[in-house]
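Dropping coords-v1.cif in here (mmCIF, C-alpha atoms):
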data_structure
#
loop_
_atom_site.label_atom_id
_atom_site.label_comp_id
_atom_site.auth_asym_id
_atom_site.auth_seq_id
_atom_site.Cartn_x
_atom_site.Cartn_y
_atom_site.Cartn_z
CA MET A 1 -8.77 57.46 -4.81
CA ARG A 2 -10.74 60.40 -6.18
CA LEU A 3 -12.60 62.46 -3.55
CA PRO A 4 -16.23 63.63 -4.12
CA ALA A 5 -16.76 67.14 -5.53
CA ALA A 6 -18.40 68.25 -2.25
CA HIS A 7 -14.94 68.36 -0.73
CA ALA A 8 -14.03 71.55 -2.68
CA SER A 9 -13.66 74.88 -0.84
CA GLY A 10 -16.81 76.37 -2.44
CA ASP A 11 -19.51 76.01 -5.13
CA ILE A 12 -19.82 78.04 -8.36
CA ALA A 13 -22.83 80.35 -8.36
CA PRO A 14 -24.77 80.99 -11.59
CA SER A 15 -23.17 84.47 -11.85
CA GLY A 16 -19.78 82.91 -11.96
CA ARG A 17 -18.74 84.26 -8.59
CA THR A 18 -17.55 81.95 -5.95
CA ARG A 19 -20.04 81.58 -3.18
CA ARG A 20 -18.68 80.54 0.16
CA THR A 21 -20.72 77.84 1.84
CA ARG A 22 -20.66 76.60 5.35
CA ARG A 23 -19.08 73.18 5.68
CA THR A 24 -21.55 70.83 7.21
CA HIS A 25 -19.41 67.72 6.62
CA ARG A 26 -16.55 66.27 8.63
CA PRO A 27 -13.00 67.40 7.96
CA LEU A 28 -11.14 65.55 5.17
CA ARG A 29 -8.68 63.96 7.57
CA THR A 30 -11.48 62.48 9.68
CA ARG A 31 -13.34 61.06 6.70
CA ARG A 32 -10.15 59.63 5.20
CA ALA A 33 -9.52 57.75 8.45
CA ALA A 34 -13.07 56.42 8.38
CA VAL A 35 -12.66 55.20 4.80
CA LEU A 36 -9.39 53.49 5.64
CA GLY A 37 -11.03 51.90 8.67
CA ILE A 38 -13.79 50.42 6.51
CA VAL A 39 -11.25 49.06 4.03
CA GLY A 40 -9.28 47.55 6.88
CA LEU A 41 -12.34 45.82 8.31
CA THR A 42 -13.17 44.45 4.86
CA VAL A 43 -9.65 43.00 4.47
CA VAL A 44 -9.82 41.40 7.92
CA ALA A 45 -13.19 39.88 7.11
CA LEU A 46 -11.93 38.46 3.81
CA THR A 47 -8.79 37.15 5.48
CA GLY A 48 -10.91 35.48 8.14
CA CYS A 49 -12.98 33.77 5.46
CA GLY A 50 -9.81 32.53 3.77
CA ALA A 51 -8.49 31.13 7.04
CA SER A 52 -11.80 29.38 7.64
CA ASP A 53 -11.67 27.85 4.16
CA ASP A 54 -8.08 26.68 4.66
CA GLY A 55 -8.99 25.10 7.96
CA ALA A 56 -11.88 23.23 6.36
CA THR A 57 -9.59 22.04 3.58
CA SER A 58 -7.05 20.60 6.01
CA ALA A 59 -9.71 18.91 8.08
CA SER A 60 -11.17 17.28 4.99
CA GLY A 61 -7.92 15.45 4.35
CA SER A 62 -6.66 17.38 1.32
CA PRO A 63 -3.00 18.49 1.08
CA GLY A 64 -1.81 19.73 4.44
CA GLY A 65 -3.97 17.39 6.52
CA ASP A 66 -4.28 13.64 7.17
CA ASP A 67 -7.31 12.41 9.08
CA LEU A 68 -6.32 8.71 9.07
CA SER A 69 -5.59 7.23 12.48
CA GLY A 70 -5.65 3.97 14.36
CA SER A 71 -3.92 0.61 14.19
CA ILE A 72 -4.38 -2.11 11.57
CA THR A 73 -3.23 -5.72 11.45
CA VAL A 74 -2.35 -7.04 8.01
CA PHE A 75 -2.41 -10.81 7.42
CA ALA A 76 -0.02 -11.38 4.50
CA ALA A 77 1.44 -14.39 2.70
CA ALA A 78 4.94 -15.34 3.83
CA SER A 79 6.36 -14.59 0.38
CA LEU A 80 5.43 -10.94 0.95
CA THR A 81 7.57 -10.63 4.09
CA GLY A 82 10.24 -8.23 2.85
CA SER A 83 8.02 -6.21 0.54
CA PHE A 84 5.25 -5.69 3.08
CA ALA A 85 7.74 -4.66 5.75
CA ASP A 86 8.81 -1.87 3.40
CA LEU A 87 5.24 -1.03 2.41
CA ALA A 88 4.09 -0.87 6.03
CA ALA A 89 6.95 1.48 6.93
CA ASP A 90 6.25 3.71 3.93
CA PHE A 91 2.52 3.79 4.70
CA GLU A 92 3.16 4.77 8.32
CA ALA A 93 5.48 7.55 7.16
CA ALA A 94 2.76 8.86 4.84
CA HIS A 95 0.10 8.54 7.56
CA PRO A 96 1.73 9.25 10.95
CA GLY A 97 -1.52 8.57 12.80
CA VAL A 98 -1.64 4.94 11.67
CA SER A 99 0.40 1.95 12.86
CA VAL A 100 0.62 -1.26 10.83
CA ASP A 101 1.23 -4.69 12.34
CA LEU A 102 2.08 -7.64 10.09
CA ASN A 103 1.11 -11.28 10.59
CA LEU A 104 3.06 -13.30 8.01
CA ALA A 105 2.45 -16.99 7.33
CA GLY A 106 1.23 -19.42 4.71
CA SER A 107 -1.94 -18.16 3.00
CA SER A 108 -3.94 -21.24 3.97
CA ASP A 109 -3.04 -20.81 7.65
CA LEU A 110 -3.96 -17.13 7.51
CA ALA A 111 -7.31 -17.81 5.84
CA THR A 112 -8.14 -20.39 8.51
CA GLN A 113 -7.22 -17.95 11.28
CA ILE A 114 -9.44 -15.23 9.82
CA VAL A 115 -12.42 -17.55 9.40
CA GLU A 116 -11.98 -18.73 12.98
CA GLY A 117 -12.19 -15.17 14.26
CA ALA A 118 -8.61 -13.94 14.51
CA PRO A 119 -8.58 -10.10 14.63
CA ALA A 120 -7.42 -8.82 11.25
CA ASP A 121 -8.02 -5.72 9.16
CA VAL A 122 -6.47 -6.67 5.80
CA PHE A 123 -5.76 -10.00 4.08
CA ALA A 124 -3.17 -10.38 1.31
CA SER A 125 -3.10 -13.90 -0.10
CA ALA A 126 -0.63 -15.55 -2.46
CA ASP A 127 -3.47 -17.08 -4.45
CA ALA A 128 -7.15 -16.75 -5.28
CA LYS A 129 -8.12 -20.08 -3.68
CA ASN A 130 -7.34 -19.06 -0.11
CA MET A 131 -8.81 -15.62 -0.67
CA SER A 132 -12.03 -17.34 -1.77
CA THR A 133 -12.19 -19.07 1.61
CA VAL A 134 -12.45 -15.68 3.32
CA VAL A 135 -14.76 -14.21 0.68
CA ASP A 136 -17.16 -17.16 0.92
CA ALA A 137 -17.29 -16.70 4.70
CA GLY A 138 -18.60 -13.17 4.14
CA LEU A 139 -15.64 -11.55 5.86
CA THR A 140 -14.43 -9.18 3.14
CA ASP A 141 -15.33 -5.50 2.85
CA GLY A 142 -15.71 -5.21 -0.92
CA ASP A 143 -14.07 -7.20 -3.68
CA PRO A 144 -10.43 -8.35 -3.49
CA VAL A 145 -7.97 -6.50 -5.74
CA ASP A 146 -5.16 -8.32 -7.57
CA PHE A 147 -1.86 -6.55 -6.90
CA ALA A 148 1.03 -8.87 -7.90
CA THR A 149 2.07 -12.10 -9.58
CA ASN A 150 4.87 -14.56 -8.84
CA VAL A 151 6.44 -17.74 -10.25
CA LEU A 152 8.55 -20.55 -8.86
CA GLU A 153 12.29 -21.03 -9.12
CA ILE A 154 14.64 -23.68 -7.74
CA ALA A 155 16.71 -22.53 -4.78
CA VAL A 156 20.07 -24.23 -4.23
CA PRO A 157 22.98 -23.52 -1.85
CA PRO A 158 25.76 -21.23 -3.14
CA GLY A 159 27.81 -22.99 -5.78
CA ASP A 160 25.01 -25.51 -6.44
CA PRO A 161 26.97 -28.50 -5.04
CA ALA A 162 24.35 -31.01 -6.22
CA GLY A 163 24.51 -29.76 -9.80
CA VAL A 164 20.82 -28.97 -10.26
CA ARG A 165 20.19 -27.69 -13.77
CA ASP A 166 16.43 -28.01 -14.28
CA LEU A 167 13.21 -29.30 -12.73
CA ALA A 168 13.82 -32.86 -13.92
CA ASP A 169 16.97 -33.03 -11.78
CA LEU A 170 14.80 -32.76 -8.66
CA ALA A 171 13.45 -36.26 -9.34
CA ASP A 172 16.86 -37.73 -8.39
CA PRO A 173 16.18 -39.87 -5.28
CA ASP A 174 19.64 -39.05 -3.95
CA LEU A 175 18.75 -35.37 -3.61
CA ASP A 176 17.14 -33.93 -0.50
CA VAL A 177 14.40 -31.76 -1.97
CA VAL A 178 12.04 -29.59 0.07
CA VAL A 179 8.74 -28.15 -1.19
CA CYS A 180 5.64 -26.42 0.16
CA ALA A 181 2.65 -28.47 1.25
CA PRO A 182 -0.06 -28.70 -1.47
CA ALA A 183 -2.50 -26.60 0.62
CA VAL A 184 -0.10 -23.65 0.48
CA PRO A 185 -0.05 -21.58 -2.75
CA CYS A 186 3.61 -22.38 -3.46
CA GLY A 187 2.79 -26.07 -2.92
CA ALA A 188 -0.14 -25.97 -5.33
CA ALA A 189 2.15 -24.29 -7.86
CA THR A 190 4.74 -27.02 -7.30
CA VAL A 191 2.18 -29.72 -8.09
CA ALA A 192 1.17 -27.86 -11.25
CA VAL A 193 4.69 -27.43 -12.61
CA ALA A 194 5.66 -31.00 -11.78
CA GLU A 195 2.64 -32.30 -13.67
CA ALA A 196 3.39 -30.00 -16.62
CA ALA A 197 6.97 -31.29 -16.76
CA GLY A 198 6.02 -34.93 -16.19
CA VAL A 199 8.32 -35.03 -13.17
CA GLU A 200 7.56 -37.06 -10.04
CA LEU A 201 8.98 -35.40 -6.95
CA THR A 202 9.74 -37.26 -3.72
CA PRO A 203 10.46 -34.43 -1.25
CA VAL A 204 12.00 -35.09 2.14
CA SER A 205 9.60 -32.57 3.66
CA GLU A 206 6.59 -30.42 2.81
CA GLU A 207 6.56 -27.07 4.59
CA SER A 208 3.67 -24.81 5.57
CA SER A 209 5.25 -21.68 4.08
CA VAL A 210 7.71 -20.76 1.37
CA THR A 211 10.02 -19.13 3.91
CA ASP A 212 10.35 -22.47 5.69
CA VAL A 213 11.42 -24.11 2.42
CA LEU A 214 13.99 -21.40 1.85
CA GLY A 215 15.23 -21.81 5.42
CA LYS A 216 15.92 -25.51 4.86
CA VAL A 217 18.07 -24.68 1.84
CA THR A 218 20.00 -21.80 3.42
CA SER A 219 20.69 -23.88 6.54
CA GLY A 220 22.13 -26.76 4.51
CA GLN A 221 19.32 -29.17 5.39
CA ALA A 222 18.27 -29.53 1.75
CA ASP A 223 20.02 -29.78 -1.61
CA ALA A 224 17.24 -27.84 -3.34
CA GLY A 225 13.84 -26.35 -2.75
CA LEU A 226 11.04 -24.84 -4.82
CA VAL A 227 10.34 -21.25 -3.81
CA TYR A 228 9.32 -18.03 -5.54
CA VAL A 229 11.71 -15.95 -7.60
CA THR A 230 11.14 -13.11 -5.14
CA ASP A 231 12.36 -15.27 -2.23
CA ILE A 232 15.61 -16.01 -4.03
CA ALA A 233 16.10 -12.32 -4.83
CA ALA A 234 15.50 -11.39 -1.18
CA ALA A 235 17.92 -14.06 0.08
CA GLY A 236 20.88 -12.44 -1.66
CA ASP A 237 24.06 -14.50 -1.55
CA ALA A 238 22.55 -17.11 0.78
CA VAL A 239 21.19 -19.10 -2.17
CA GLU A 240 21.34 -19.34 -5.94
CA GLY A 241 18.36 -19.56 -8.25
CA VAL A 242 17.84 -22.08 -11.05
CA PRO A 243 15.03 -20.98 -13.40
CA PHE A 244 13.05 -23.55 -15.38
CA ASP A 245 10.63 -23.23 -18.29
CA GLU A 246 7.71 -25.02 -16.63
CA SER A 247 7.39 -22.23 -14.04
CA ALA A 248 5.18 -20.38 -16.53
CA GLU A 249 2.58 -23.12 -16.07
CA ALA A 250 1.79 -21.91 -12.56
CA VAL A 251 1.70 -18.13 -12.21
CA ASN A 252 0.34 -17.15 -8.79
CA THR A 253 -1.80 -14.02 -8.62
CA TYR A 254 -1.94 -12.18 -5.29
CA PRO A 255 -5.22 -10.52 -4.15
CA ILE A 256 -5.69 -8.13 -1.22
CA VAL A 257 -8.82 -6.92 0.57
CA ALA A 258 -10.01 -5.07 3.68
CA LEU A 259 -12.01 -7.17 6.14
CA THR A 260 -15.47 -6.51 7.55
CA ASP A 261 -14.40 -6.74 11.20
CA SER A 262 -11.68 -4.10 10.80
CA ARG A 263 -11.31 -1.82 13.81
CA ASP A 264 -10.19 1.05 11.56
CA SER A 265 -11.89 0.48 8.22
CA ASP A 266 -10.72 3.75 6.64
CA ALA A 267 -7.07 2.99 7.40
CA ALA A 268 -7.50 -0.62 6.24
CA GLN A 269 -8.92 0.44 2.89
CA ALA A 270 -6.25 3.12 2.52
CA PHE A 271 -3.55 0.45 2.97
CA VAL A 272 -5.20 -1.75 0.33
CA ASP A 273 -5.30 1.22 -2.06
CA TYR A 274 -1.67 2.02 -1.27
CA VAL A 275 -0.47 -1.51 -2.07
CA ALA A 276 -2.41 -1.57 -5.35
CA GLY A 277 -1.41 2.00 -6.25
CA PRO A 278 1.72 3.28 -8.02
CA ASP A 279 3.88 3.59 -4.89
CA GLY A 280 3.07 0.07 -3.74
CA GLN A 281 3.57 -1.34 -7.22
CA ALA A 282 7.03 0.24 -7.41
CA VAL A 283 8.10 -1.50 -4.20
CA LEU A 284 6.74 -4.85 -5.36
CA SER A 285 8.33 -4.56 -8.79
CA ALA A 286 11.71 -3.82 -7.22
CA ALA A 287 11.33 -7.04 -5.21
CA GLY A 288 10.77 -9.08 -8.37
CA PHE A 289 6.97 -9.40 -8.36
CA GLY A 290 5.14 -9.20 -11.66
CA SER A 291 2.21 -6.94 -12.44
CA PRO A 292 -1.27 -8.36 -11.82
#

Just give me the structure as structure tokens.
Amino acid sequence: MRLPAAHASGDIAPSGRTRRTRRTHRPLRTRRAAVLGIVGLTVVALTGCGASDDGATSASGSPGGDDLSGSITVFAAASLTGSFADLAADFEAAHPGVSVDLNLAGSSDLATQIVEGAPADVFASADAKNMSTVVDAGLTDGDPVDFATNVLEIAVPPGDPAGVRDLADLADPDLDVVVCAPAVPCGAATVAVAEAAGVELTPVSEESSVTDVLGKVTSGQADAGLVYVTDIAAAGDAVEGVPFDESAEAVNTYPIVALTDSRDSDAAQAFVDYVAGPDGQAVLSAAGFGSP
């Protein structure tokens, strides 16, 4: 830093001789300390402003801060059991202040519960029909978002002892076949594929959820059952899957939405966005769901 000319030992007189002048200013060492003090105060002030800005950034929820908190209850179709367990755990890890509880059942049962006043924050249905029940009741916060698709497949015990090869084989009266009830999305899909194939089914039971159908097959109570491809994938070695062409006639689309009576609406909407976003889609794809 260059010092002012007044800090020299004397001034030059017009005659060229050096004229000694009395120093009326403070010594150099004192003034240097003062200058450094001012610089130091300026740095502290700027640093303080930066800290204030950083604090505001964290509080606003940008990187380094998460202002989501609370507890949400997600009503989800039974066919989403495994995937939503993973999604809920991942969401909680990303948002430590939020806890996610799952209520898993047939979509028609869940829609009825919501309309009747059951406390819920998010609804994920296995079809548009049951979602419409909740929408028409004025209980959704915004429009539902489609986040996955699914199709049916025949589930049989390991080794397929009954020799089921296609959908037409399920019409054999000697087979114990289990399906979903028509009010449930997997049941409505069953009716659609049977009609498309011209096959008349005579099931021994109609279940209220796809997981109940799968349970009858894995427990040996049924020779075959119509479930989703994702259920067979999740069951592992407990069952075998028999695909059939008519499954393309009934592709179920899954919508999800936050609900108006949510106790923690921000967290509820964040979960909806998470499921429909890239991280949620990766989990669903790995489970065998199709893109919406």

- Query: Exactly which residues make up the result of the PyMOL selection byres ((chain A and resi 180) around 6) on this file, given as a PyMOL selection string?
  - Reply: chain A and resi 179+181+186-187+206-208

Please check which residues have atoms at most 12 Å from (16.6, -22.9, -13.2) in the file's coordinates, counting only C-alpha atoms, and write them as a PDB file with C-alpha atoms, keeping the file's coordinate frame.
ATOM      1  CA  VAL A 151       6.440 -17.740 -10.250  1.00  0.00           C
ATOM      2  CA  LEU A 152       8.550 -20.550  -8.860  1.00  0.00           C
ATOM      3  CA  GLU A 153      12.290 -21.030  -9.120  1.00  0.00           C
ATOM      4  CA  ILE A 154      14.640 -23.680  -7.740  1.00  0.00           C
ATOM      5  CA  ALA A 155      16.710 -22.530  -4.780  1.00  0.00           C
ATOM      6  CA  VAL A 156      20.070 -24.230  -4.230  1.00  0.00           C
ATOM      7  CA  ASP A 160      25.010 -25.510  -6.440  1.00  0.00           C
ATOM      8  CA  GLY A 163      24.510 -29.760  -9.800  1.00  0.00           C
ATOM      9  CA  VAL A 164      20.820 -28.970 -10.260  1.00  0.00           C
ATOM     10  CA  ARG A 165      20.190 -27.690 -13.770  1.00  0.00           C
ATOM     11  CA  ASP A 166      16.430 -28.010 -14.280  1.00  0.00           C
ATOM     12  CA  LEU A 167      13.210 -29.300 -12.730  1.00  0.00           C
ATOM     13  CA  ALA A 168      13.820 -32.860 -13.920  1.00  0.00           C
ATOM     14  CA  ASP A 169      16.970 -33.030 -11.780  1.00  0.00           C
ATOM     15  CA  LEU A 170      14.800 -32.760  -8.660  1.00  0.00           C
ATOM     16  CA  ALA A 224      17.240 -27.840  -3.340  1.00  0.00           C
ATOM     17  CA  GLY A 225      13.840 -26.350  -2.750  1.00  0.00           C
ATOM     18  CA  LEU A 226      11.040 -24.840  -4.820  1.00  0.00           C
ATOM     19  CA  VAL A 227      10.340 -21.250  -3.810  1.00  0.00           C
ATOM     20  CA  TYR A 228       9.320 -18.030  -5.540  1.00  0.00           C
ATOM     21  CA  VAL A 229      11.710 -15.950  -7.600  1.00  0.00           C
ATOM     22  CA  ILE A 232      15.610 -16.010  -4.030  1.00  0.00           C
ATOM     23  CA  GLU A 240      21.340 -19.340  -5.940  1.00  0.00           C
ATOM     24  CA  GLY A 241      18.360 -19.560  -8.250  1.00  0.00           C
ATOM     25  CA  VAL A 242      17.840 -22.080 -11.050  1.00  0.00           C
ATOM     26  CA  PRO A 243      15.030 -20.980 -13.400  1.00  0.00           C
ATOM     27  CA  PHE A 244      13.050 -23.550 -15.380  1.00  0.00           C
ATOM     28  CA  ASP A 245      10.630 -23.230 -18.290  1.00  0.00           C
ATOM     29  CA  GLU A 246       7.710 -25.020 -16.630  1.00  0.00           C
ATOM     30  CA  SER A 247       7.390 -22.230 -14.040  1.00  0.00           C
TER      31      SER A 247
END

- What residues have an atom no more than 8 Å from (-1.1, -2.7, 10.8) in the file's own frame, counting all atoms listed in the file, and can you write them as a list of chain:residue names? A:Ser71, A:Ile72, A:Thr73, A:Val74, A:Ala88, A:Val98, A:Ser99, A:Val100, A:Asp101, A:Leu102, A:Asp121

Exactly which residues make up the result of the PyMOL selection byres ((chain A and resi 264-276) around 8) on this file, given as a PDB file with C-alpha atoms, in the frame of the given file?
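See out.pdb below for the written result:
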ATOM      1  CA  LEU A  68      -6.320   8.710   9.070  1.00  0.00           C
ATOM      2  CA  SER A  69      -5.590   7.230  12.480  1.00  0.00           C
ATOM      3  CA  GLY A  70      -5.650   3.970  14.360  1.00  0.00           C
ATOM      4  CA  SER A  71      -3.920   0.610  14.190  1.00  0.00           C
ATOM      5  CA  ILE A  72      -4.380  -2.110  11.570  1.00  0.00           C
ATOM      6  CA  LEU A  87       5.240  -1.030   2.410  1.00  0.00           C
ATOM      7  CA  PHE A  91       2.520   3.790   4.700  1.00  0.00           C
ATOM      8  CA  VAL A  98      -1.640   4.940  11.670  1.00  0.00           C
ATOM      9  CA  ASP A 121      -8.020  -5.720   9.160  1.00  0.00           C
ATOM     10  CA  VAL A 122      -6.470  -6.670   5.800  1.00  0.00           C
ATOM     11  CA  VAL A 145      -7.970  -6.500  -5.740  1.00  0.00           C
ATOM     12  CA  ASP A 146      -5.160  -8.320  -7.570  1.00  0.00           C
ATOM     13  CA  PHE A 147      -1.860  -6.550  -6.900  1.00  0.00           C
ATOM     14  CA  ILE A 256      -5.690  -8.130  -1.220  1.00  0.00           C
ATOM     15  CA  VAL A 257      -8.820  -6.920   0.570  1.00  0.00           C
ATOM     16  CA  ALA A 258     -10.010  -5.070   3.680  1.00  0.00           C
ATOM     17  CA  LEU A 259     -12.010  -7.170   6.140  1.00  0.00           C
ATOM     18  CA  THR A 260     -15.470  -6.510   7.550  1.00  0.00           C
ATOM     19  CA  SER A 262     -11.680  -4.100  10.800  1.00  0.00           C
ATOM     20  CA  ARG A 263     -11.310  -1.820  13.810  1.00  0.00           C
ATOM     21  CA  GLY A 277      -1.410   2.000  -6.250  1.00  0.00           C
ATOM     22  CA  PRO A 278       1.720   3.280  -8.020  1.00  0.00           C
ATOM     23  CA  ASP A 279       3.880   3.590  -4.890  1.00  0.00           C
ATOM     24  CA  GLY A 280       3.070   0.070  -3.740  1.00  0.00           C
ATOM     25  CA  GLN A 281       3.570  -1.340  -7.220  1.00  0.00           C
TER      26      GLN A 281
END

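Interatomic distance, CA of Ala148 (chain A) to CA of Gln113 (chain A): 22.8 Å.
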
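Between CA of Ile114 (chain A) and CA of Lys129 (chain A) lies a distance of 14.4 Å.
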
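Considering only C-alpha atoms, the residue among A:Ala94, A:Leu104, A:Ala234, A:Leu110 positioned nearest to Ala183 (chain A) is A:Leu110.
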
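One distance worth recording is that between CA of Gly290 (chain A) and CA of Ser79 (chain A), which is 13.2 Å.
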
- Message: Given only C-alpha atoms as the basis, pick out the residue of A:Ala250, A:Ser209, A:Ala162, A:Val217 nearest to Ala197 (chain A).
- Response: A:Ala250

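Here the PyMOL selection byres ((chain A and resi 219-221) around 10) captures the residues Val156, Pro157, Asp176, Val177, Val178, Val204, Val213, Leu214, Gly215, Lys216, Val217, Thr218, Ala222, Asp223, Ala224, Ala238 and Val239 of chain A.
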
- Using all atoms listed in the file: which of A:Val115, A:Val135, A:Ala248, A:Ala171 has the shortest distance to Ala192 (chain A): A:Ala248

Complete region 146-171 of chain A with N, CA and C atoms (output as a tab-separated table (two decimals), keeping the file's coordinate frame).
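What follows is the written file part.tsv:
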chain	number	residue	atom	x	y	z
A	146	ASP	N	-6.42	-7.67	-7.22
A	146	ASP	CA	-5.16	-8.32	-7.57
A	146	ASP	C	-4.05	-7.27	-7.61
A	147	PHE	N	-2.92	-7.57	-6.96
A	147	PHE	CA	-1.86	-6.55	-6.90
A	147	PHE	C	-0.48	-7.06	-7.30
A	148	ALA	N	-0.30	-8.36	-7.53
A	148	ALA	CA	1.03	-8.87	-7.90
A	148	ALA	C	0.91	-10.28	-8.46
A	149	THR	N	1.96	-10.72	-9.13
A	149	THR	CA	2.07	-12.10	-9.58
A	149	THR	C	3.46	-12.62	-9.21
A	150	ASN	N	3.60	-13.95	-9.21
A	150	ASN	CA	4.87	-14.56	-8.84
A	150	ASN	C	4.99	-15.94	-9.50
A	151	VAL	N	6.20	-16.40	-9.70
A	151	VAL	CA	6.44	-17.74	-10.25
A	151	VAL	C	7.52	-18.44	-9.45
A	152	LEU	N	7.58	-19.75	-9.61
A	152	LEU	CA	8.55	-20.55	-8.86
A	152	LEU	C	9.93	-20.55	-9.51
A	153	GLU	N	10.92	-20.83	-8.68
A	153	GLU	CA	12.29	-21.03	-9.12
A	153	GLU	C	12.94	-22.01	-8.15
A	154	ILE	N	13.95	-22.72	-8.60
A	154	ILE	CA	14.64	-23.68	-7.74
A	154	ILE	C	15.71	-22.95	-6.95
A	155	ALA	N	15.68	-23.11	-5.64
A	155	ALA	CA	16.71	-22.53	-4.78
A	155	ALA	C	17.72	-23.62	-4.42
A	156	VAL	N	19.00	-23.30	-4.59
A	156	VAL	CA	20.07	-24.23	-4.23
A	156	VAL	C	21.12	-23.48	-3.41
A	157	PRO	N	21.92	-24.19	-2.61
A	157	PRO	CA	22.98	-23.52	-1.85
A	157	PRO	C	24.00	-22.87	-2.79
A	158	PRO	N	24.75	-21.89	-2.30
A	158	PRO	CA	25.76	-21.23	-3.14
A	158	PRO	C	26.70	-22.25	-3.78
A	159	GLY	N	26.93	-22.07	-5.06
A	159	GLY	CA	27.81	-22.99	-5.78
A	159	GLY	C	27.08	-24.19	-6.34
A	160	ASP	N	25.83	-24.40	-5.96
A	160	ASP	CA	25.01	-25.51	-6.44
A	160	ASP	C	25.77	-26.84	-6.39
A	161	PRO	N	26.14	-27.28	-5.18
A	161	PRO	CA	26.97	-28.50	-5.04
A	161	PRO	C	26.32	-29.75	-5.63
A	162	ALA	N	25.00	-29.81	-5.68
A	162	ALA	CA	24.35	-31.01	-6.22
A	162	ALA	C	24.21	-30.96	-7.74
A	163	GLY	N	24.56	-29.86	-8.35
A	163	GLY	CA	24.51	-29.76	-9.80
A	163	GLY	C	23.11	-29.76	-10.39
A	164	VAL	N	22.20	-29.06	-9.76
A	164	VAL	CA	20.82	-28.97	-10.26
A	164	VAL	C	20.77	-28.02	-11.45
A	165	ARG	N	20.24	-28.51	-12.57
A	165	ARG	CA	20.19	-27.69	-13.77
A	165	ARG	C	18.76	-27.37	-14.23
A	166	ASP	N	17.81	-28.25	-13.89
A	166	ASP	CA	16.43	-28.01	-14.28
A	166	ASP	C	15.50	-28.76	-13.34
A	167	LEU	N	14.19	-28.68	-13.61
A	167	LEU	CA	13.21	-29.30	-12.73
A	167	LEU	C	13.35	-30.81	-12.71
A	168	ALA	N	13.69	-31.40	-13.84
A	168	ALA	CA	13.82	-32.86	-13.92
A	168	ALA	C	14.88	-33.38	-12.97
A	169	ASP	N	15.90	-32.59	-12.69
A	169	ASP	CA	16.97	-33.03	-11.78
A	169	ASP	C	16.44	-33.26	-10.37
A	170	LEU	N	15.33	-32.62	-10.01
A	170	LEU	CA	14.80	-32.76	-8.66
A	170	LEU	C	14.16	-34.13	-8.42
A	171	ALA	N	14.00	-34.91	-9.49
A	171	ALA	CA	13.45	-36.26	-9.34
A	171	ALA	C	14.51	-37.26	-8.88
